[in-house]
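Data block for structure.txt (compact mmCIF, C-alpha atoms):
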```
# COMPACT_ATOMS: atom_id res chain seq x y z
CA MET I 1 2.09 20.87 11.13
CA ALA I 2 -0.57 21.10 8.45
CA ASN I 3 1.41 22.56 5.59
CA GLU I 4 4.99 22.12 6.75
CA LEU I 5 7.16 19.32 5.53
CA PRO I 6 6.15 16.39 7.69
CA ASP I 7 8.65 14.02 9.21
CA MET I 8 8.02 10.78 7.35
CA ALA I 9 10.17 8.29 9.21
CA LEU I 10 8.76 4.80 9.23
CA LYS I 11 8.85 2.42 12.16
CA ALA I 12 8.99 -1.33 11.53
CA ILE I 13 5.98 -3.03 13.11
CA GLY I 14 7.48 -6.46 12.46
CA ILE I 15 9.67 -8.53 10.23
CA VAL I 16 9.33 -11.24 7.57
CA SER I 17 10.65 -14.70 8.44
CA ASN I 18 10.76 -17.20 5.58
CA GLY I 19 14.41 -18.16 5.13
CA ILE I 20 14.46 -16.71 1.59
CA LYS I 21 17.65 -14.78 0.90
CA GLN I 22 17.17 -13.65 -2.68
CA ARG I 23 14.08 -12.43 -4.42
CA PRO I 24 13.05 -14.72 -7.26
CA GLU I 25 11.22 -12.98 -10.10
CA GLN I 26 8.32 -15.39 -10.03
CA GLY I 27 6.89 -18.29 -8.08
CA TRP I 28 6.00 -16.38 -4.92
CA GLU I 29 2.37 -17.42 -5.00
CA LYS I 30 2.88 -20.48 -2.81
CA VAL I 31 5.67 -19.18 -0.55
CA VAL I 32 4.67 -19.36 3.11
CA SER I 33 6.10 -16.68 5.42
CA ASP I 34 5.73 -15.79 9.04
CA ILE I 35 5.23 -12.12 9.77
CA VAL I 36 6.58 -11.65 13.28
CA ILE I 37 4.98 -8.55 14.74
CA LYS I 38 6.64 -6.67 17.59
CA SER I 39 5.28 -8.15 20.78
CA HIS I 40 3.98 -4.85 22.16
CA LEU I 41 1.63 -4.68 19.15
CA THR I 42 0.26 -8.23 19.51
CA GLU I 43 -3.15 -7.08 20.68
CA ALA I 44 -3.53 -4.86 17.60
CA LEU I 45 -3.72 -8.06 15.50
CA ASP I 46 -6.90 -9.28 17.22
CA SER I 47 -9.70 -10.17 14.78
CA LEU I 48 -7.39 -10.25 11.73
CA GLU I 49 -8.08 -13.99 11.62
CA GLU I 50 -11.66 -13.17 10.61
CA PHE I 51 -10.33 -12.06 7.22
CA SER I 52 -9.12 -14.47 4.54
CA HIS I 53 -6.65 -12.00 2.99
CA LEU I 54 -4.41 -9.20 4.18
CA ILE I 55 -2.58 -6.34 2.51
CA VAL I 56 1.02 -6.20 3.65
CA LEU I 57 3.13 -3.06 3.22
CA TYR I 58 6.85 -3.60 3.64
CA TRP I 59 10.14 -1.81 3.12
CA MET I 60 12.41 -3.45 0.57
CA HIS I 61 15.49 -2.75 2.65
CA GLN I 62 18.00 -4.27 0.27
CA LEU I 63 16.98 -1.72 -2.35
CA ALA I 64 16.76 1.25 -0.05
CA THR I 65 20.16 2.63 -0.95
CA THR I 66 19.36 3.09 -4.64
CA ASP I 67 19.42 6.83 -5.17
CA LYS I 68 19.56 7.15 -8.93
CA LEU I 69 16.74 5.43 -10.76
CA SER I 70 16.11 5.67 -14.46
CA LEU I 71 12.64 7.13 -14.96
CA LYS I 72 11.70 4.71 -17.72
CA VAL I 73 12.13 0.96 -17.86
CA HIS I 74 11.47 -2.05 -20.04
CA PRO I 75 9.31 -4.30 -17.81
CA LYS I 76 11.38 -7.23 -16.53
CA GLY I 77 14.28 -5.91 -18.61
CA LYS I 78 12.65 -7.31 -21.76
CA GLN I 79 13.64 -5.11 -24.71
CA GLU I 80 10.66 -6.33 -26.73
CA LEU I 81 8.28 -4.73 -24.23
CA PRO I 82 7.62 -0.98 -24.46
CA LEU I 83 9.68 1.51 -22.46
CA VAL I 84 7.30 2.66 -19.72
CA GLY I 85 7.45 5.05 -16.79
CA ARG I 86 8.74 3.56 -13.57
CA PHE I 87 5.44 4.25 -11.78
CA ALA I 88 3.55 2.32 -14.48
CA TYR I 89 5.43 -0.80 -13.52
CA ARG I 90 5.43 -2.84 -10.31
CA SER I 91 9.21 -3.10 -10.08
CA PRO I 92 10.59 -3.01 -6.54
CA ASN I 93 12.93 -0.19 -7.57
CA ARG I 94 11.03 3.04 -6.92
CA PRO I 95 11.67 6.32 -5.10
CA ASN I 96 10.25 4.84 -1.90
CA PRO I 97 10.96 1.09 -1.88
CA ILE I 98 7.58 0.11 -0.46
CA GLY I 99 6.08 -3.19 -1.47
CA LYS I 100 2.35 -3.83 -1.32
CA THR I 101 1.24 -7.43 -1.55
CA THR I 102 -2.11 -9.07 -1.00
CA VAL I 103 -1.60 -12.37 0.81
CA ARG I 104 -3.75 -15.21 2.08
CA LEU I 105 -3.79 -15.47 5.87
CA LEU I 106 -3.20 -19.09 6.83
CA GLU I 107 -2.94 -18.74 10.60
CA HIS I 108 -2.76 -16.16 13.35
CA GLN I 109 -1.11 -17.17 16.61
CA GLY I 110 -0.08 -14.54 19.11
CA ASN I 111 2.22 -12.06 17.40
CA ILE I 112 2.75 -14.25 14.33
CA LEU I 113 0.78 -14.14 11.09
CA LYS I 114 1.43 -17.09 8.77
CA VAL I 115 0.70 -15.97 5.22
CA GLU I 116 0.90 -17.31 1.69
CA GLY I 117 2.14 -15.33 -1.30
CA LEU I 118 4.31 -12.63 0.27
CA ASP I 119 7.06 -11.62 -2.18
CA ALA I 120 9.51 -10.34 0.42
CA ILE I 121 12.80 -11.85 1.52
CA ASN I 122 13.75 -12.94 5.01
CA GLY I 123 14.33 -10.00 7.34
CA THR I 124 12.20 -7.50 5.41
CA PRO I 125 10.73 -4.85 7.73
CA VAL I 126 6.94 -4.78 7.68
CA ILE I 127 5.39 -1.33 8.03
CA ASP I 128 1.64 -1.95 7.89
CA ILE I 129 -0.96 -4.69 7.80
CA LYS I 130 -4.45 -3.94 6.57
CA PRO I 131 -7.37 -6.33 6.12
CA TYR I 132 -8.32 -6.95 2.50
CA ILE I 133 -11.83 -5.58 2.02
CA PRO I 134 -13.30 -6.18 -1.45
CA ARG I 135 -15.38 -3.01 -1.49
CA TYR I 136 -12.21 -0.94 -1.09
CA ASP I 137 -9.60 -3.12 -2.73
CA SER I 138 -11.26 -4.94 -5.60
CA VAL I 139 -12.13 -3.30 -8.91
CA ALA I 140 -14.49 -5.21 -11.15
CA ASP I 141 -13.80 -3.39 -14.39
CA ALA I 142 -10.07 -2.53 -14.18
CA LYS I 143 -8.26 -2.24 -17.50
CA VAL I 144 -4.57 -2.89 -18.07
CA PRO I 145 -2.46 -2.50 -21.22
CA PRO I 146 -1.55 -5.55 -23.32
CA TRP I 147 2.15 -5.50 -22.30
CA ILE I 148 1.13 -6.43 -18.75
CA SER I 149 0.01 -9.89 -19.80
CA ASN I 150 3.15 -10.35 -21.92
CA GLN I 151 5.56 -9.73 -19.04
CA MET Y 1 22.92 -3.36 5.21
CA ALA Y 2 21.12 -6.68 5.00
CA ASN Y 3 20.38 -7.28 8.67
CA GLU Y 4 21.02 -3.88 10.19
CA LEU Y 5 18.24 -1.49 10.98
CA PRO Y 6 17.52 0.22 7.67
CA ASP Y 7 16.92 3.91 7.35
CA MET Y 8 13.26 4.14 6.45
CA ALA Y 9 12.80 7.82 5.67
CA LEU Y 10 10.19 8.50 3.05
CA LYS Y 11 10.43 11.11 0.32
CA ALA Y 12 7.26 12.73 -0.99
CA ILE Y 13 6.93 12.09 -4.73
CA GLY Y 14 4.05 14.55 -4.98
CA ILE Y 15 1.11 16.10 -3.23
CA VAL Y 16 -2.69 15.92 -3.26
CA SER Y 17 -4.56 18.95 -4.49
CA ASN Y 18 -8.33 18.88 -3.99
CA GLY Y 19 -9.18 21.83 -1.74
CA ILE Y 20 -10.52 19.48 0.96
CA LYS Y 21 -9.43 20.54 4.42
CA GLN Y 22 -11.05 17.94 6.63
CA ARG Y 23 -11.45 14.25 6.09
CA PRO Y 24 -15.13 13.28 5.94
CA GLU Y 25 -15.88 9.75 7.11
CA GLN Y 26 -17.72 8.83 3.94
CA GLY Y 27 -18.57 10.11 0.51
CA TRP Y 28 -15.07 10.02 -0.97
CA GLU Y 29 -16.05 7.81 -3.87
CA LYS Y 30 -16.80 10.72 -6.18
CA VAL Y 31 -14.18 13.20 -4.97
CA VAL Y 32 -11.89 14.30 -7.79
CA SER Y 33 -8.30 15.14 -6.84
CA ASP Y 34 -5.20 16.17 -8.68
CA ILE Y 35 -2.03 14.38 -7.68
CA VAL Y 36 0.74 16.80 -8.51
CA ILE Y 37 3.94 14.83 -8.95
CA LYS Y 38 7.33 16.50 -8.53
CA SER Y 39 8.35 17.72 -11.93
CA HIS Y 40 11.66 15.84 -12.04
CA LEU Y 41 9.62 12.59 -11.86
CA THR Y 42 7.20 13.48 -14.68
CA GLU Y 43 8.67 10.97 -17.11
CA ALA Y 44 8.21 8.15 -14.58
CA LEU Y 45 4.43 8.58 -15.05
CA ASP Y 46 4.54 7.65 -18.74
CA SER Y 47 2.11 4.86 -19.70
CA LEU Y 48 0.10 5.14 -16.47
CA GLU Y 49 -2.76 6.39 -18.64
CA GLU Y 50 -3.00 2.89 -20.11
CA PHE Y 51 -4.42 1.72 -16.78
CA SER Y 52 -7.93 2.48 -15.60
CA HIS Y 53 -7.07 2.36 -11.89
CA LEU Y 54 -4.12 3.22 -9.70
CA ILE Y 55 -3.07 2.38 -6.17
CA VAL Y 56 -2.03 5.49 -4.30
CA LEU Y 57 0.07 5.32 -1.14
CA TYR Y 58 0.13 8.50 0.89
CA TRP Y 59 1.25 9.79 4.26
CA MET Y 60 -1.58 11.05 6.45
CA HIS Y 61 0.48 13.95 7.70
CA GLN Y 62 -2.12 15.40 10.01
CA LEU Y 63 -2.08 12.17 12.01
CA ALA Y 64 1.66 11.67 11.99
CA THR Y 65 2.18 13.07 15.44
CA THR Y 66 0.01 10.48 17.17
CA ASP Y 67 2.39 8.47 19.31
CA LYS Y 68 0.07 6.67 21.65
CA LEU Y 69 -2.55 4.56 19.97
CA SER Y 70 -4.91 2.21 21.71
CA LEU Y 71 -4.34 -1.28 20.34
CA LYS Y 72 -8.02 -2.10 20.10
CA VAL Y 73 -10.86 -0.06 18.68
CA HIS Y 74 -14.57 -0.12 18.01
CA PRO Y 75 -14.82 0.44 14.24
CA LYS Y 76 -16.00 3.98 13.53
CA GLY Y 77 -16.31 4.48 17.27
CA LYS Y 78 -19.55 2.47 17.27
CA GLN Y 79 -19.90 0.75 20.64
CA GLU Y 80 -22.29 -1.81 19.18
CA LEU Y 81 -19.53 -3.16 16.94
CA PRO Y 82 -16.94 -5.56 18.40
CA LEU Y 83 -13.68 -4.30 19.86
CA VAL Y 84 -11.09 -5.31 17.24
CA GLY Y 85 -7.35 -4.96 16.84
CA ARG Y 86 -6.17 -1.76 15.21
CA PHE Y 87 -4.61 -3.68 12.30
CA ALA Y 88 -7.94 -5.41 11.61
CA TYR Y 89 -9.50 -2.05 10.86
CA ARG Y 90 -8.80 0.46 8.10
CA SER Y 91 -8.69 3.46 10.40
CA PRO Y 92 -6.14 6.11 9.40
CA ASN Y 93 -4.68 5.97 12.91
CA ARG Y 94 -1.95 3.31 12.79
CA PRO Y 95 1.71 3.07 13.77
CA ASN Y 96 2.73 4.27 10.30
CA PRO Y 97 0.03 6.62 8.99
CA ILE Y 98 0.12 5.29 5.44
CA GLY Y 99 -3.07 5.32 3.43
CA LYS Y 100 -3.59 2.95 0.52
CA THR Y 101 -6.43 3.78 -1.83
CA THR Y 102 -7.43 2.37 -5.18
CA VAL Y 103 -8.61 5.20 -7.42
CA ARG Y 104 -9.91 5.62 -10.93
CA LEU Y 105 -7.53 7.52 -13.21
CA LEU Y 106 -9.52 10.16 -15.07
CA GLU Y 107 -6.70 11.96 -16.85
CA HIS Y 108 -2.93 12.17 -17.04
CA GLN Y 109 -1.38 15.42 -18.22
CA GLY Y 110 2.28 16.09 -17.67
CA ASN Y 111 3.04 15.75 -13.99
CA ILE Y 112 -0.63 15.75 -12.93
CA LEU Y 113 -2.82 12.72 -12.40
CA LYS Y 114 -6.53 13.51 -12.06
CA VAL Y 115 -8.14 10.75 -10.03
CA GLU Y 116 -11.51 9.87 -8.57
CA GLY Y 117 -12.03 8.39 -5.10
CA LEU Y 118 -8.89 9.41 -3.24
CA ASP Y 119 -9.68 9.78 0.48
CA ALA Y 120 -6.86 12.18 1.29
CA ILE Y 121 -7.07 15.85 2.19
CA ASN Y 122 -5.48 18.75 0.36
CA GLY Y 123 -1.70 18.85 0.85
CA THR Y 124 -1.28 15.17 1.67
CA PRO Y 125 2.19 13.91 0.64
CA VAL Y 126 2.01 11.06 -1.87
CA ILE Y 127 4.71 8.42 -1.47
CA ASP Y 128 3.99 5.90 -4.24
CA ILE Y 129 1.80 5.29 -7.25
CA LYS Y 130 1.36 1.77 -8.58
CA PRO Y 131 -0.83 0.59 -11.44
CA TYR Y 132 -3.78 -1.56 -10.36
CA ILE Y 133 -3.26 -5.01 -11.82
CA PRO Y 134 -6.11 -7.46 -11.14
CA ARG Y 135 -3.92 -10.54 -11.01
CA TYR Y 136 -1.97 -9.03 -8.11
CA ASP Y 137 -4.57 -6.85 -6.47
CA SER Y 138 -7.92 -8.53 -6.85
CA VAL Y 139 -9.01 -11.53 -4.80
CA ALA Y 140 -12.04 -13.39 -6.05
CA ASP Y 141 -12.90 -15.32 -2.89
CA ALA Y 142 -11.94 -12.92 -0.09
CA LYS Y 143 -13.89 -13.29 3.13
CA VAL Y 144 -14.58 -10.55 5.65
CA PRO Y 145 -16.33 -10.69 9.04
CA PRO Y 146 -19.96 -9.53 9.37
CA TRP Y 147 -19.05 -6.35 11.31
CA ILE Y 148 -17.38 -4.98 8.20
CA SER Y 149 -20.69 -4.63 6.39
CA ASN Y 150 -22.31 -3.09 9.45
CA GLN Y 151 -19.82 -0.24 9.77
```

As structure tokens - that is how I would like this structure written.
Amino acid sequence: MANELPDMALKAIGIVSNGIKQRPEQGWEKVVSDIVIKSHLTEALDSLEEFSHLIVLYWMHQLATTDKLSLKVHPKGKQELPLVGRFAYRSPNRPNPIGKTTVRLLEHQGNILKVEGLDAINGTPVIDIKPYIPRYDSVADAKVPPWISNQ
Amino acid sequence: MANELPDMALKAIGIVSNGIKQRPEQGWEKVVSDIVIKSHLTEALDSLEEFSHLIVLYWMHQLATTDKLSLKVHPKGKQELPLVGRFAYRSPNRPNPIGKTTVRLLEHQGNILKVEGLDAINGTPVIDIKPYIPRYDSVADAKVPPWISNQ
């Protein structure tokens, strides 16, 4: 199906369990969550505990019904910050509501990954887990605009 | 639809154009690709050029038909490396064939982002673009197992 329109239907590989019902804007850094992976995939988690950090991709299901998005936004709704394109901002509201968060892995037991710093509410479907590998994921000389630090 | 099964159908926001037909294992670091974003989303790219690096999420459409995946793999097929869980490895073959690559943004013109280091073949559907922000994306003290450096 090289050049046809591919079917891009995601399957949940697991779910977030942390009891959090509403997404706070900040303060996620110390939140501890369990990622409960579907039991038939348990073996695919082997060796993840050898990494200190994971990249979690998840589907922000409570936002998934938003069809009409403005293309430009003031970050965090702050009028004093410049109006920027939606893709230049890490808002959860985007054409595909996929979150990508780097978390610390605290514990791996069976089909459960206990992680710190996941900014996803209880019940969020998880769609991928990747190990954090500095040579792929870390950029030494990355530059960001000044409005990022003023958010 | 808080606790029901959400509809997780992705929409392509754009497509990779680089003339590359087959995915080499290595040597992507210097590949230059155009990401051609759908024209109705052009304005959502505004201000991306203020960032040096982007995170690109894409759908590895040529792998999307793989239904049966072994849960454990030898990285890069090397028998001398340990058998690890599929999620502990950055292989493109995973339950949801989503690639996540951090790239350098070389140029932004209209609906086209010219980037360096994207490991996706020509025609790959792009599903999200996020700016690379060190305080979210960079981990100073990340640890990886020894087999990662021996890949």

Legend entry - At most 8 Å to chain I: residues in chain Y, all atoms listed in the file, as a ChimeraX atom specification: /Y:1-3,6-11,13,41,43-48,50-53,59,61-62,64,71-72,84-90,95-96,98,101-102,123,127-134,136-139,142-145

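Note that CA of Glu80 (chain Y) and CA of Ile112 (chain I) are 28.4 Å apart.
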
Inset, instruction - Record the distance separating CA of Ile35 (chain I) and CA of Leu113 (chain I), expressed in Å with one decimal. - result: 5.1 Å

Legend entry - Residue nearest Val126 (chain Y) - candidates Y:Val36, Y:Ile20, Y:Glu107, Y:Trp28, atoms counted: all atoms listed in the file: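 Under the stated criterion, the closest residue is Y:Val36.
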
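Proximity of I:Pro24, I:Val31, I:Lys76, I:Gly19 to Glu116 (chain I), computed with all atoms listed in the file, is greatest for I:Val31.
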
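In this structure, CA of Ser39 (chain I) sits 14.2 Å away from CA of Val16 (chain I).
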